[in-house]
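Here's start_30.cif, which has mmCIF, C-alpha atoms:
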data_start
#
loop_
_atom_site.label_atom_id
_atom_site.label_comp_id
_atom_site.auth_asym_id
_atom_site.auth_seq_id
_atom_site.Cartn_x
_atom_site.Cartn_y
_atom_site.Cartn_z
CA MET A 14 -144.76 69.91 52.24
CA ALA A 15 -146.74 68.82 49.20
CA SER A 16 -147.17 71.31 46.42
CA SER A 17 -150.93 71.40 47.00
CA ASP A 18 -150.54 72.48 50.64
CA PRO A 19 -151.02 76.18 51.42
CA LEU A 20 -147.82 78.10 51.97
CA PRO A 21 -147.35 79.59 55.42
CA ALA A 22 -147.30 83.35 55.76
CA PRO A 23 -143.82 84.98 55.81
CA ARG A 24 -142.35 85.14 59.29
CA ARG A 25 -140.03 87.74 60.74
CA SER A 26 -136.84 86.63 62.43
CA ARG A 27 -137.39 85.51 66.00
CA SER A 28 -135.58 86.37 69.17
CA SER A 29 -134.09 83.66 71.37
CA SER A 30 -136.92 84.19 73.86
CA GLU A 31 -139.50 83.55 71.13
CA GLU A 32 -137.68 80.36 70.15
CA GLU A 33 -137.76 79.25 73.77
CA GLU A 34 -141.48 79.98 73.90
CA GLU A 35 -142.05 77.83 70.82
CA GLU A 36 -140.00 74.99 72.34
CA GLU A 37 -142.16 75.22 75.44
CA ALA A 38 -145.29 75.20 73.25
CA VAL A 39 -144.08 72.05 71.49
CA ALA A 40 -143.37 70.38 74.83
CA ALA A 41 -146.77 71.41 76.16
CA SER A 42 -148.50 69.96 73.12
CA GLN A 43 -146.91 66.50 73.47
CA PRO A 44 -149.57 63.91 74.28
CA ALA A 45 -149.32 62.23 77.65
CA GLY A 46 -147.04 59.21 77.81
CA ASP A 47 -147.91 55.57 78.31
CA TRP A 48 -149.93 55.07 81.48
CA ASP A 49 -149.12 51.40 81.97
CA SER A 50 -146.54 51.99 84.71
CA GLY A 51 -148.13 52.43 88.12
CA LEU A 52 -150.78 54.70 89.56
CA ASP A 53 -151.60 58.18 88.26
CA LEU A 54 -153.92 60.73 89.83
CA GLY A 55 -156.06 63.35 88.11
CA PHE A 56 -156.95 66.81 89.42
CA VAL A 57 -159.32 69.46 88.11
CA HIS A 58 -157.70 72.48 86.46
CA ALA A 59 -160.53 74.91 85.76
CA SER A 60 -158.57 77.76 84.14
CA THR A 61 -157.45 75.98 80.95
CA PRO A 62 -158.87 77.82 77.90
CA ALA A 63 -161.45 75.93 75.87
CA TRP A 64 -159.33 75.89 72.69
CA LYS A 65 -156.73 73.72 74.46
CA LEU A 66 -159.41 71.13 75.22
CA THR A 67 -160.23 70.32 71.61
CA SER A 68 -159.54 67.11 69.70
CA ARG A 69 -156.17 68.06 68.23
CA PHE A 70 -154.60 68.36 71.71
CA PHE A 71 -155.82 64.93 72.93
CA PRO A 72 -157.17 66.30 76.22
CA SER A 73 -158.26 64.64 79.42
CA LYS A 74 -161.17 66.72 80.63
CA VAL A 75 -164.50 67.03 82.38
CA GLY A 76 -167.65 68.47 80.80
CA GLY A 77 -168.16 70.73 77.82
CA PRO A 78 -168.52 68.99 74.45
CA PRO A 79 -166.65 65.72 73.90
CA ALA A 80 -163.33 66.14 72.07
CA TRP A 81 -163.84 63.09 69.86
CA LEU A 82 -160.72 61.10 68.97
CA LYS A 83 -161.65 59.37 65.75
CA LEU A 84 -163.50 62.13 63.93
CA GLU A 85 -165.81 59.84 61.97
CA ASP A 86 -168.11 56.95 62.89
CA LEU A 87 -169.09 58.60 66.17
CA PRO A 88 -171.44 56.68 68.49
CA ASP A 89 -174.97 57.33 67.33
CA VAL A 90 -177.89 58.34 69.51
CA LYS A 91 -178.95 54.74 70.11
CA ALA A 92 -175.50 53.77 71.36
CA ARG A 93 -175.40 56.84 73.62
CA SER A 94 -178.89 56.35 75.07
CA CYS A 95 -179.51 55.24 78.64
CA PRO A 96 -180.32 51.50 78.81
CA MET A 97 -182.97 52.28 81.43
CA CYS A 98 -184.96 55.21 79.94
CA GLN A 99 -183.64 55.38 76.33
CA VAL A 100 -182.85 59.12 76.67
CA PRO A 101 -179.48 60.28 75.23
CA MET A 102 -176.85 60.46 77.97
CA THR A 103 -174.73 63.51 78.79
CA PHE A 104 -170.96 63.63 78.35
CA LEU A 105 -169.23 63.66 81.75
CA ALA A 106 -165.49 63.12 81.18
CA GLN A 107 -162.81 61.76 78.88
CA ILE A 108 -159.39 60.30 79.68
CA TYR A 109 -156.56 60.26 77.14
CA ALA A 110 -154.75 56.98 77.79
CA PRO A 111 -152.41 55.86 74.99
CA ILE A 112 -150.67 52.48 75.04
CA HIS A 113 -147.50 52.92 73.06
CA ASP A 114 -146.56 49.23 72.87
CA ILE A 115 -149.82 48.60 70.98
CA PRO A 116 -149.42 50.27 67.56
CA THR A 117 -153.17 50.66 67.06
CA ALA A 118 -153.49 52.45 70.43
CA PHE A 119 -150.87 55.16 70.01
CA HIS A 120 -153.76 57.60 70.48
CA ARG A 121 -156.47 56.29 72.78
CA THR A 122 -159.30 58.03 74.66
CA LEU A 123 -162.06 56.77 76.96
CA PHE A 124 -165.35 58.71 77.08
CA LEU A 125 -167.72 58.49 80.07
CA LEU A 126 -171.41 59.50 79.77
CA VAL A 127 -174.20 59.75 82.35
CA CYS A 128 -178.01 59.82 82.15
CA ALA A 129 -179.82 62.94 83.40
CA THR A 130 -183.12 61.21 84.27
CA PRO A 131 -183.49 61.20 88.09
CA THR A 132 -185.49 57.96 88.24
CA CYS A 133 -182.65 56.08 86.54
CA HIS A 134 -180.42 56.87 89.54
CA ALA A 135 -182.97 55.81 92.15
CA GLY A 136 -182.57 52.38 93.70
CA PRO A 137 -179.91 49.74 93.12
CA LYS A 138 -177.93 49.57 89.88
CA THR A 139 -176.79 46.45 88.12
CA GLY A 140 -173.14 46.56 87.07
CA GLY A 141 -172.79 47.63 83.49
CA ARG A 142 -176.52 48.25 83.09
CA GLY A 143 -176.95 51.44 85.07
CA PRO A 144 -177.36 55.02 83.80
CA TRP A 145 -173.70 55.19 82.68
CA THR A 146 -171.73 54.17 79.64
CA VAL A 147 -168.12 54.36 78.51
CA PHE A 148 -166.66 54.28 74.99
CA ARG A 149 -163.10 53.51 73.91
CA SER A 150 -161.62 55.01 70.73
CA GLN A 151 -158.07 54.51 69.49
CA LEU A 152 -155.87 55.24 66.49
CA ALA A 153 -152.43 54.40 65.21
CA ARG A 154 -149.86 57.19 65.09
CA ALA A 155 -150.21 57.39 61.32
CA ASN A 156 -153.92 57.99 60.74
CA ASP A 157 -156.30 60.00 58.57
CA TYR A 158 -157.07 62.72 61.12
CA TYR A 159 -153.99 63.94 63.01
CA PRO A 160 -150.45 64.87 61.98
CA PHE A 161 -147.70 62.40 62.74
CA GLU A 162 -145.96 64.91 65.00
CA PRO A 163 -147.81 66.65 67.86
CA PRO A 164 -149.24 70.06 66.94
CA LEU A 165 -147.99 73.33 68.36
CA SER A 166 -150.04 74.64 71.25
CA VAL A 167 -151.43 77.65 69.41
CA GLN A 168 -154.99 78.94 69.39
CA ASN A 169 -155.53 79.47 65.65
CA PRO A 170 -154.03 76.60 63.61
CA LEU A 171 -153.84 76.61 59.84
CA ILE A 172 -155.89 73.40 59.75
CA ASP A 173 -158.82 72.84 62.08
CA ILE A 174 -159.11 69.29 63.42
CA SER A 175 -162.72 68.64 64.36
CA ALA A 176 -165.44 66.05 63.96
CA ALA A 177 -167.58 68.85 62.54
CA ASN A 178 -165.45 68.65 59.37
CA TYR A 179 -166.72 65.11 58.76
CA GLY A 180 -170.45 65.55 59.26
CA LYS A 181 -173.12 67.52 61.07
CA LEU A 182 -172.97 67.43 64.85
CA CYS A 183 -175.85 67.95 67.26
CA ARG A 184 -175.71 71.58 68.36
CA VAL A 185 -176.61 70.60 71.91
CA CYS A 186 -174.51 67.51 72.74
CA HIS A 187 -172.03 67.34 69.81
CA GLY A 188 -172.97 63.79 68.93
CA PRO A 189 -173.80 62.93 65.31
CA GLY A 190 -176.51 65.31 64.07
CA ALA A 191 -178.52 63.06 61.77
CA LYS A 192 -181.61 65.28 62.00
CA SER A 193 -181.63 68.79 60.48
CA CYS A 194 -183.65 71.85 61.36
CA ALA A 195 -186.63 71.88 58.98
CA GLY A 196 -186.48 75.67 58.75
CA CYS A 197 -182.89 76.42 57.78
CA GLN A 198 -181.41 72.98 57.11
CA LYS A 199 -178.13 74.36 58.47
CA VAL A 200 -177.90 72.82 61.92
CA GLY A 201 -178.08 69.21 63.06
CA TYR A 202 -179.50 67.42 66.07
CA CYS A 203 -179.25 63.89 67.35
CA CYS A 204 -182.85 63.70 68.56
CA LYS A 205 -186.10 65.67 68.79
CA SER A 206 -185.58 66.52 72.46
CA HIS A 207 -182.29 68.30 71.76
CA GLN A 208 -183.83 70.13 68.82
CA ALA A 209 -186.69 71.31 71.05
CA LEU A 210 -184.24 72.36 73.76
CA ASP A 211 -182.17 74.41 71.32
CA TRP A 212 -185.32 76.02 69.88
CA SER A 213 -186.78 76.98 73.26
CA SER A 214 -183.65 78.06 75.17
CA GLY A 215 -180.60 77.60 72.96
CA GLY A 216 -181.07 80.59 70.65
CA HIS A 217 -181.90 78.86 67.38
CA LYS A 218 -185.43 80.26 67.33
CA GLN A 219 -183.94 83.74 66.86
CA GLU A 220 -181.23 82.59 64.41
CA CYS A 221 -183.25 80.34 62.13
CA GLY A 222 -184.03 82.00 58.81
CA GLN A 223 -181.57 84.86 59.27
CA PRO A 224 -179.67 85.30 55.98
CA ASP A 225 -176.30 85.84 57.69
CA PHE A 226 -176.63 82.89 60.09
CA THR A 227 -173.93 80.23 59.88
CA PRO A 228 -174.00 77.15 62.12
CA GLN A 229 -170.36 77.66 63.02
CA ALA A 230 -171.11 81.09 64.48
CA ARG A 231 -172.06 79.74 67.90
CA HIS A 232 -173.10 76.62 69.71
CA SER A 233 -176.41 76.20 71.46
CA ARG A 234 -176.87 78.34 74.56
CA ALA A 235 -179.24 75.80 76.07
CA LYS A 236 -178.63 74.79 79.66
CA TYR A 237 -177.03 71.41 79.07
CA GLY A 238 -174.07 69.40 80.29
CA PHE A 239 -171.35 70.16 82.81
CA PRO A 240 -168.74 72.92 83.13
CA GLU A 241 -165.63 72.25 81.09
CA MET A 242 -162.37 71.68 83.00
CA GLU A 243 -159.06 70.05 82.21
CA ILE A 244 -157.93 66.98 84.14
CA GLU A 245 -154.24 67.37 85.00
CA ILE A 246 -152.47 64.05 85.44
CA GLU A 247 -149.70 63.49 88.00
CA ALA A 248 -147.77 60.39 89.00
CA ALA A 249 -148.87 59.14 92.39
CA GLU A 250 -146.56 59.26 95.38
CA ALA A 251 -146.02 56.35 97.74
CA GLU A 252 -148.56 57.77 100.19
CA ASP A 253 -151.29 57.69 97.50
CA TYR A 254 -151.27 53.90 97.30
CA PRO A 255 -153.45 51.76 99.57
CA PRO A 256 -151.63 50.25 102.56
CA THR A 257 -149.57 47.17 101.76
CA GLY A 258 -148.19 44.39 103.88
CA ASP A 259 -150.11 41.89 105.96
CA SER A 260 -153.75 42.26 104.93
CA SER A 261 -155.04 41.15 108.33
CA ASP A 262 -153.02 43.86 110.04
CA ASP A 263 -154.34 46.40 107.55
CA ASP A 264 -157.91 45.25 108.15
CA ASP A 265 -157.48 45.39 111.93
CA GLU A 266 -156.01 48.90 111.75
CA ALA A 267 -158.79 50.09 109.43
CA GLU A 268 -161.46 48.59 111.65
CA GLU A 269 -160.00 50.25 114.74
CA GLU A 270 -160.00 53.57 112.89
CA ALA A 271 -163.61 53.04 111.80
CA GLU A 272 -164.69 52.22 115.36
CA GLU A 273 -162.94 55.30 116.74
CA GLU A 274 -164.63 57.43 114.08
CA ALA A 275 -168.04 55.94 114.91
CA SER A 276 -167.49 56.61 118.63
CA GLU A 277 -166.52 60.22 117.92
CA LEU A 278 -169.51 60.66 115.61
CA ALA A 279 -171.84 59.28 118.29
CA ALA A 280 -170.50 61.72 120.87
CA GLN A 281 -170.89 64.65 118.47
CA THR A 282 -174.43 63.53 117.62
CA GLN A 283 -175.37 63.33 121.30
CA MET A 284 -174.09 66.84 122.01
CA LYS A 285 -175.83 68.32 118.95
CA ALA A 286 -179.10 66.52 119.70
CA LEU A 287 -179.05 67.66 123.32
CA ALA A 288 -178.37 71.24 122.28
CA LEU A 289 -181.19 71.22 119.73
CA SER A 290 -183.84 69.40 121.73
CA GLY A 291 -182.91 70.10 125.35
CA ASN A 292 -184.11 66.54 125.99
CA PRO A 293 -181.50 64.00 127.18
CA ALA A 294 -183.77 61.08 126.18
CA VAL A 295 -183.98 62.30 122.56
CA ALA A 296 -180.24 62.80 122.50
CA THR A 297 -179.69 59.25 123.77
CA ASP A 298 -181.99 57.78 121.09
CA LEU A 299 -180.16 59.63 118.31
CA THR A 300 -176.79 58.60 119.70
CA GLN A 301 -177.90 54.95 119.84
CA LEU A 302 -179.03 55.17 116.19
CA THR A 303 -175.62 56.48 115.18
CA SER A 304 -173.77 53.86 117.26
CA ASP A 305 -175.82 51.04 115.73
CA GLN A 306 -174.56 51.85 112.22
CA LYS A 307 -172.07 49.24 111.10
CA THR A 308 -168.49 50.45 110.90
CA ASP A 309 -166.86 49.70 107.56
CA PRO A 310 -163.07 49.12 107.47
CA VAL A 311 -163.11 49.46 103.66
CA PHE A 312 -164.47 52.99 103.99
CA ALA A 313 -161.85 53.82 106.61
CA ARG A 314 -159.14 52.47 104.28
CA PHE A 315 -160.56 54.54 101.40
CA LYS A 316 -160.43 57.75 103.43
CA ALA A 317 -156.93 57.03 104.72
CA THR A 318 -155.66 56.34 101.19
CA ILE A 319 -157.00 59.55 99.66
CA SER A 320 -156.01 61.75 102.61
CA HIS A 321 -152.59 62.49 101.08
CA SER A 322 -154.20 63.93 97.91
CA PRO A 323 -157.78 64.75 98.95
CA GLU A 324 -158.61 66.73 95.78
CA GLN A 325 -158.02 63.81 93.39
CA ILE A 326 -160.93 63.19 91.04
CA LEU A 327 -159.31 60.36 89.06
CA ARG A 328 -157.25 57.27 89.88
CA TYR A 329 -155.74 55.60 86.82
CA GLU A 330 -153.96 52.24 87.04
CA ARG A 331 -154.44 49.99 84.03
CA HIS A 332 -154.45 46.32 85.11
CA GLY A 333 -154.55 47.52 88.72
CA SER A 334 -157.42 47.34 91.21
CA PRO A 335 -160.16 49.82 92.16
CA LEU A 336 -159.98 51.63 95.47
CA TRP A 337 -163.45 50.64 96.64
CA MET A 338 -165.33 52.96 98.97
CA ALA A 339 -167.39 50.39 100.88
CA SER A 340 -167.58 46.67 101.59
CA GLU A 341 -170.93 46.41 99.82
CA ASP A 342 -171.65 46.76 96.10
CA GLN A 343 -168.15 46.01 94.87
CA TRP A 344 -167.88 44.37 91.44
CA PRO A 345 -165.47 41.38 91.39
CA LEU A 346 -163.16 41.22 88.39
CA GLU A 347 -164.27 37.67 87.62
CA GLN A 348 -167.82 38.96 87.11
CA VAL A 349 -166.81 41.67 84.64
CA PRO A 350 -167.87 40.41 81.19
CA ALA A 351 -165.23 39.73 78.55
CA CYS A 352 -164.83 42.11 75.63
CA GLU A 353 -167.65 41.39 73.21
CA PHE A 354 -165.49 42.41 70.24
CA CYS A 355 -162.46 40.12 70.72
CA GLY A 356 -163.38 37.80 73.60
CA GLN A 357 -160.44 38.82 75.79
CA PRO A 358 -161.02 39.49 79.50
CA ARG A 359 -161.46 43.03 80.70
CA SER A 360 -159.24 44.56 83.38
CA PHE A 361 -159.59 47.60 85.62
CA GLU A 362 -158.33 50.85 84.07
CA PHE A 363 -159.53 53.89 86.03
CA GLN A 364 -162.06 55.23 88.51
CA ILE A 365 -163.78 58.57 88.87
CA MET A 366 -163.80 59.76 92.48
CA PRO A 367 -166.73 61.37 94.34
CA GLN A 368 -164.68 64.57 94.74
CA LEU A 369 -165.59 65.43 91.14
CA LEU A 370 -169.19 66.06 92.25
CA HIS A 371 -168.03 69.22 94.03
CA HIS A 372 -166.80 70.69 90.72
CA LEU A 373 -169.90 69.99 88.62
CA ARG A 374 -172.09 72.82 89.96
CA LEU A 375 -175.01 70.44 90.26
CA ASP A 376 -177.15 73.16 91.82
CA GLN A 377 -177.00 74.92 88.44
CA SER A 378 -177.50 71.89 86.20
CA LEU A 379 -180.23 69.51 85.11
CA HIS A 380 -178.59 66.78 87.22
CA GLN A 381 -179.05 68.44 90.59
CA ASP A 382 -181.69 65.98 91.83
CA SER A 383 -180.14 62.80 90.50
CA LEU A 384 -176.39 62.54 90.27
CA ASP A 385 -174.35 60.82 92.96
CA TRP A 386 -171.70 58.13 93.20
CA GLY A 387 -168.99 56.78 95.46
CA VAL A 388 -166.77 55.09 92.88
CA LEU A 389 -167.20 54.92 89.09
CA ALA A 390 -164.95 51.98 88.18
CA VAL A 391 -164.18 51.45 84.49
CA PHE A 392 -162.98 48.10 83.12
CA THR A 393 -161.67 47.86 79.55
CA CYS A 394 -160.50 45.22 77.10
CA SER A 395 -157.14 43.94 78.38
CA LYS A 396 -155.96 43.63 74.77
CA SER A 397 -157.34 47.07 73.82
CA CYS A 398 -158.55 45.49 70.61
CA SER A 399 -159.01 47.51 67.45
CA ASN A 400 -160.93 47.16 64.22
CA ASP A 401 -157.93 45.25 62.90
CA ASP A 402 -159.11 42.43 65.18
CA ASN A 403 -162.77 42.79 64.26
CA PRO A 404 -163.35 44.94 61.15
CA ALA A 405 -167.10 44.77 61.67
CA GLY A 406 -166.87 46.29 65.14
CA PRO A 407 -167.66 49.96 65.87
CA SER A 408 -164.94 52.60 66.01
CA TYR A 409 -166.19 53.59 69.46
CA LYS A 410 -166.34 50.39 71.50
CA LYS A 411 -168.43 50.17 74.65
CA GLU A 412 -166.62 49.08 77.79
CA PHE A 413 -167.85 48.22 81.28
CA VAL A 414 -168.54 50.68 84.11
CA HIS A 415 -169.78 49.95 87.61
CA CYS A 416 -171.16 52.61 89.96
CA GLN A 417 -170.59 51.92 93.64
CA MET A 418 -172.72 54.23 95.74
CA PRO A 419 -171.28 55.86 98.87
CA PRO A 420 -171.91 54.10 102.20
CA GLN A 421 -174.94 55.29 104.10
CA HIS A 422 -174.19 56.99 107.40
#
Could you rewrite the structure in this file as structure tokens?
Amino acid sequence: MASSDPLPAPRRSRSSSEEEEEEEAVAASQPAGDWDSGLDLGFVHASTPAWKLTSRFFPSKVGGPPAWLKLEDLPDVKARSCPMCQVPMTFLAQIYAPIHDIPTAFHRTLFLLVCATPTCHAGPKTGGRGPWTVFRSQLARANDYYPFEPPLSVQNPLIDISAANYGKLCRVCHGPGAKSCAGCQKVGYCCKSHQALDWSSGGHKQECGQPDFTPQARHSRAKYGFPEMEIEIEAAEAEDYPPTGDSSDDDDEAEEEAEEEASELAAQTQMKALALSGNPAVATDLTQLTSDQKTDPVFARFKATISHSPEQILRYERHGSPLWMASEDQWPLEQVPACEFCGQPRSFEFQIMPQLLHHLRLDQSLHQDSLDWGVLAVFTCSKSCSNDDNPAGPSYKKEFVHCQMPPQH
């Protein structure tokens, strides 16, 4: 410890049980390992306390404020704005995905954002140009922001690790807060709309001008964003992989399953329609409408694959392939644009599953009339290039995301 560092407070002698607890805390604080080997699944863990989902613990999580990786040079409001309506997008999720054989990617996180404007989600989306965006940030093990060794999993560290230590953050979305409140000059905002939201419903109208108000006292109480939950990562089991073997046999089996499902759905529709209308002719018309819908073996394969772990909200397999939900609206790898920062091709890295929608409490959020997806497939630079490759590039590099909508039934 350098002489200028503060000395820790004296500690009493510890029992063996306390030493074991500290060893467990150290183990719990270790960042996740390299994800390059096979398929991993992510599941929502809603009971993790918020302090464990901050930057210094390198979390994978849904909602709440983003736990930025590099604590400076955050993506500005223009970079985070929807390409369709120009409104700042809302943080949805982040995935901590280090690559330990790339020294500049020892720490590495991908951040996924979504637009809240309903009209941006209406109609077809063009891959990479829809109301979504994803950023990649990475750091070497020795960097200016985090200790070389993982921190202990304790709530009140001696040194706070936060982007707020490097500049004002927007009180609403926690992006860079380039604009300040004209009244108190103490809080920052990324845009006028977030400032207005915090003034009208976030509590700043009551705080502004109070002599004892400090911006660190609380964040905005405005209704914004999604509930915060940890994503727990587990290695996939054999049953979690798509079927392998002869592809024609797999397709035949999936198509048979889809046809059986369609037949069962038609029978159920006929019985329900007859019960509701009391008219056999109406029931027959509705049944015919259901039977006429095209069966999709890709959808049947999707459902069969996730049936072993139905609560998965994430599938991570760098250099793997997406588990598409339907035959239509897939995005071929050869059509994914190369990395604009180094020119290398992009490869698939992870997908967000539609099961996450059930955890977002959309009936209580500003997204309730707009948000839906079947598969959110994210493709990233296969080299995972850094600013060492292109010093002029941003610290948070945009990658490619494609939203495949669920099949219509």
Name the residues in contact with Ala390 in chain A at a cut-off of 9 Å, using all atoms listed in the file, excluding same-chain residues fewer than 2 positions from it; report them as a ChimeraX atom specification.
/A:335-337,344,361-366,388,392,413-417
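On the file presented, the PyMOL selection byres ((chain A and resi 62) around 12) picks out His58, Ala59, Ser60, Thr61, Ala63, Trp64, Lys65, Leu66, Thr67, Pro72, Lys74, Gly77, Ser166, Val167, Gln168, Glu241, Met242 and Glu243 of chain A.
The residue that comes closest to Ser399 in chain A, out of A:Pro111, A:Gly196, A:Pro116, A:Pro350 and on the basis of all atoms listed in the file, is A:Pro116.
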Selection: 10 Å around Ala317 in chain A, all atoms listed in the file, excl. self and same-chain fewer than 2 positions, as a PDB file with C-alpha atoms, in the frame of the given file:
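Below is the file selection_28.pdb, written as the result:
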ATOM      1  CA  GLU A 252    -148.560  57.770 100.190  1.00  0.00           C
ATOM      2  CA  ASP A 253    -151.290  57.690  97.500  1.00  0.00           C
ATOM      3  CA  TYR A 254    -151.270  53.900  97.300  1.00  0.00           C
ATOM      4  CA  PRO A 255    -153.450  51.760  99.570  1.00  0.00           C
ATOM      5  CA  PRO A 256    -151.630  50.250 102.560  1.00  0.00           C
ATOM      6  CA  ALA A 267    -158.790  50.090 109.430  1.00  0.00           C
ATOM      7  CA  GLU A 270    -160.000  53.570 112.890  1.00  0.00           C
ATOM      8  CA  VAL A 311    -163.110  49.460 103.660  1.00  0.00           C
ATOM      9  CA  PHE A 312    -164.470  52.990 103.990  1.00  0.00           C
ATOM     10  CA  ALA A 313    -161.850  53.820 106.610  1.00  0.00           C
ATOM     11  CA  ARG A 314    -159.140  52.470 104.280  1.00  0.00           C
ATOM     12  CA  PHE A 315    -160.560  54.540 101.400  1.00  0.00           C
ATOM     13  CA  ILE A 319    -157.000  59.550  99.660  1.00  0.00           C
ATOM     14  CA  SER A 320    -156.010  61.750 102.610  1.00  0.00           C
ATOM     15  CA  HIS A 321    -152.590  62.490 101.080  1.00  0.00           C
ATOM     16  CA  PRO A 323    -157.780  64.750  98.950  1.00  0.00           C
TER      17      PRO A 323
END
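Counting from CA of His113 in chain A, the distance to CA of Gly333 in chain A is 18.0 Å.
CA of His134 in chain A lies 25.4 Å from CA of Ala351 in chain A.
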How many Å separate CA of Gln99 in chain A from CA of Trp145 in chain A?
11.8 Å
So, with all atoms listed in the file as the atoms that count, which of A:Ile244, A:Leu389, A:Lys83, A:Lys199 lies closest to Asp225 in chain A?
A:Lys199
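Residues with any atom within 9 Å of Gly51 in chain A, counting only C-alpha atoms and excluding same-chain neighbours fewer than 3 positions away, are Trp48, Ala248, Ala249, Tyr329, Glu330, Arg331 and Gly333 of chain A.
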Between A:Val147, A:Ile174, A:Ile115, A:Leu346, which has the minimum distance to Ser334 in chain A (counting all atoms listed in the file)?
A:Leu346
Hits of the PyMOL selection byres ((chain A and resi 385) around 9) in this structure, as a PyMOL selection string
chain A and resi 134+367+370+383-384+386-387+418-419
Polymer residues at most 7 Å from Ser395 in chain A, all atoms listed in the file, same-chain spacing of 3 or more positions, as a ChimeraX atom specification
/A:357-360
Using all atoms listed in the file, which protein or nucleic acid residues come within 8 Å of Cys204 in chain A? Drop anything in the same chain fewer than 6 positions from it, and give the result as number ranges by chain.
A: 90, 190, 192
Take the selection from the previous step and output its residues with C-alpha atoms, as a PDB file, in the frame of the given file.
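Writing done, so here's out07.pdb:
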ATOM      1  CA  VAL A  90    -177.890  58.340  69.510  1.00  0.00           C
ATOM      2  CA  GLY A 190    -176.510  65.310  64.070  1.00  0.00           C
ATOM      3  CA  LYS A 192    -181.610  65.280  62.000  1.00  0.00           C
TER       4      LYS A 192
END
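Compared by their closest atoms to Lys411 in chain A, and using only C-alpha atoms, the residues A:Pro101, A:Phe124, A:Leu210, A:Ser73 rank with A:Phe124 nearest.
Among the candidates A:Ala177, A:Cys133, A:His120, A:Phe70, the residue lying nearest to Pro164 in chain A is A:Phe70 (atoms considered: all atoms listed in the file).
Using only C-alpha atoms, the shortest contact distance between Asn169 in chain A and any of A:Cys394, A:Leu125, A:Arg69, A:Asp86 is found at A:Arg69.
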Using the chain letters and residue numbers of this document, give as a PDB file with C-alpha atoms, in the coordinates of the input the residues selected by the PyMOL selection byres ((chain A and resi 408) around 12).
ATOM      1  CA  TRP A  81    -163.840  63.090  69.860  1.00  0.00           C
ATOM      2  CA  LEU A  82    -160.720  61.100  68.970  1.00  0.00           C
ATOM      3  CA  LYS A  83    -161.650  59.370  65.750  1.00  0.00           C
ATOM      4  CA  LEU A  84    -163.500  62.130  63.930  1.00  0.00           C
ATOM      5  CA  GLU A  85    -165.810  59.840  61.970  1.00  0.00           C
ATOM      6  CA  ASP A  86    -168.110  56.950  62.890  1.00  0.00           C
ATOM      7  CA  LEU A  87    -169.090  58.600  66.170  1.00  0.00           C
ATOM      8  CA  PRO A  88    -171.440  56.680  68.490  1.00  0.00           C
ATOM      9  CA  ASP A  89    -174.970  57.330  67.330  1.00  0.00           C
ATOM     10  CA  ALA A  92    -175.500  53.770  71.360  1.00  0.00           C
ATOM     11  CA  THR A 117    -153.170  50.660  67.060  1.00  0.00           C
ATOM     12  CA  ARG A 121    -156.470  56.290  72.780  1.00  0.00           C
ATOM     13  CA  THR A 122    -159.300  58.030  74.660  1.00  0.00           C
ATOM     14  CA  PHE A 148    -166.660  54.280  74.990  1.00  0.00           C
ATOM     15  CA  ARG A 149    -163.100  53.510  73.910  1.00  0.00           C
ATOM     16  CA  SER A 150    -161.620  55.010  70.730  1.00  0.00           C
ATOM     17  CA  GLN A 151    -158.070  54.510  69.490  1.00  0.00           C
ATOM     18  CA  LEU A 152    -155.870  55.240  66.490  1.00  0.00           C
ATOM     19  CA  PHE A 354    -165.490  42.410  70.240  1.00  0.00           C
ATOM     20  CA  CYS A 398    -158.550  45.490  70.610  1.00  0.00           C
ATOM     21  CA  SER A 399    -159.010  47.510  67.450  1.00  0.00           C
ATOM     22  CA  ASN A 400    -160.930  47.160  64.220  1.00  0.00           C
ATOM     23  CA  ASP A 401    -157.930  45.250  62.900  1.00  0.00           C
ATOM     24  CA  ASP A 402    -159.110  42.430  65.180  1.00  0.00           C
ATOM     25  CA  ASN A 403    -162.770  42.790  64.260  1.00  0.00           C
ATOM     26  CA  PRO A 404    -163.350  44.940  61.150  1.00  0.00           C
ATOM     27  CA  ALA A 405    -167.100  44.770  61.670  1.00  0.00           C
ATOM     28  CA  GLY A 406    -166.870  46.290  65.140  1.00  0.00           C
ATOM     29  CA  PRO A 407    -167.660  49.960  65.870  1.00  0.00           C
ATOM     30  CA  TYR A 409    -166.190  53.590  69.460  1.00  0.00           C
ATOM     31  CA  LYS A 410    -166.340  50.390  71.500  1.00  0.00           C
ATOM     32  CA  LYS A 411    -168.430  50.170  74.650  1.00  0.00           C
TER      33      LYS A 411
END
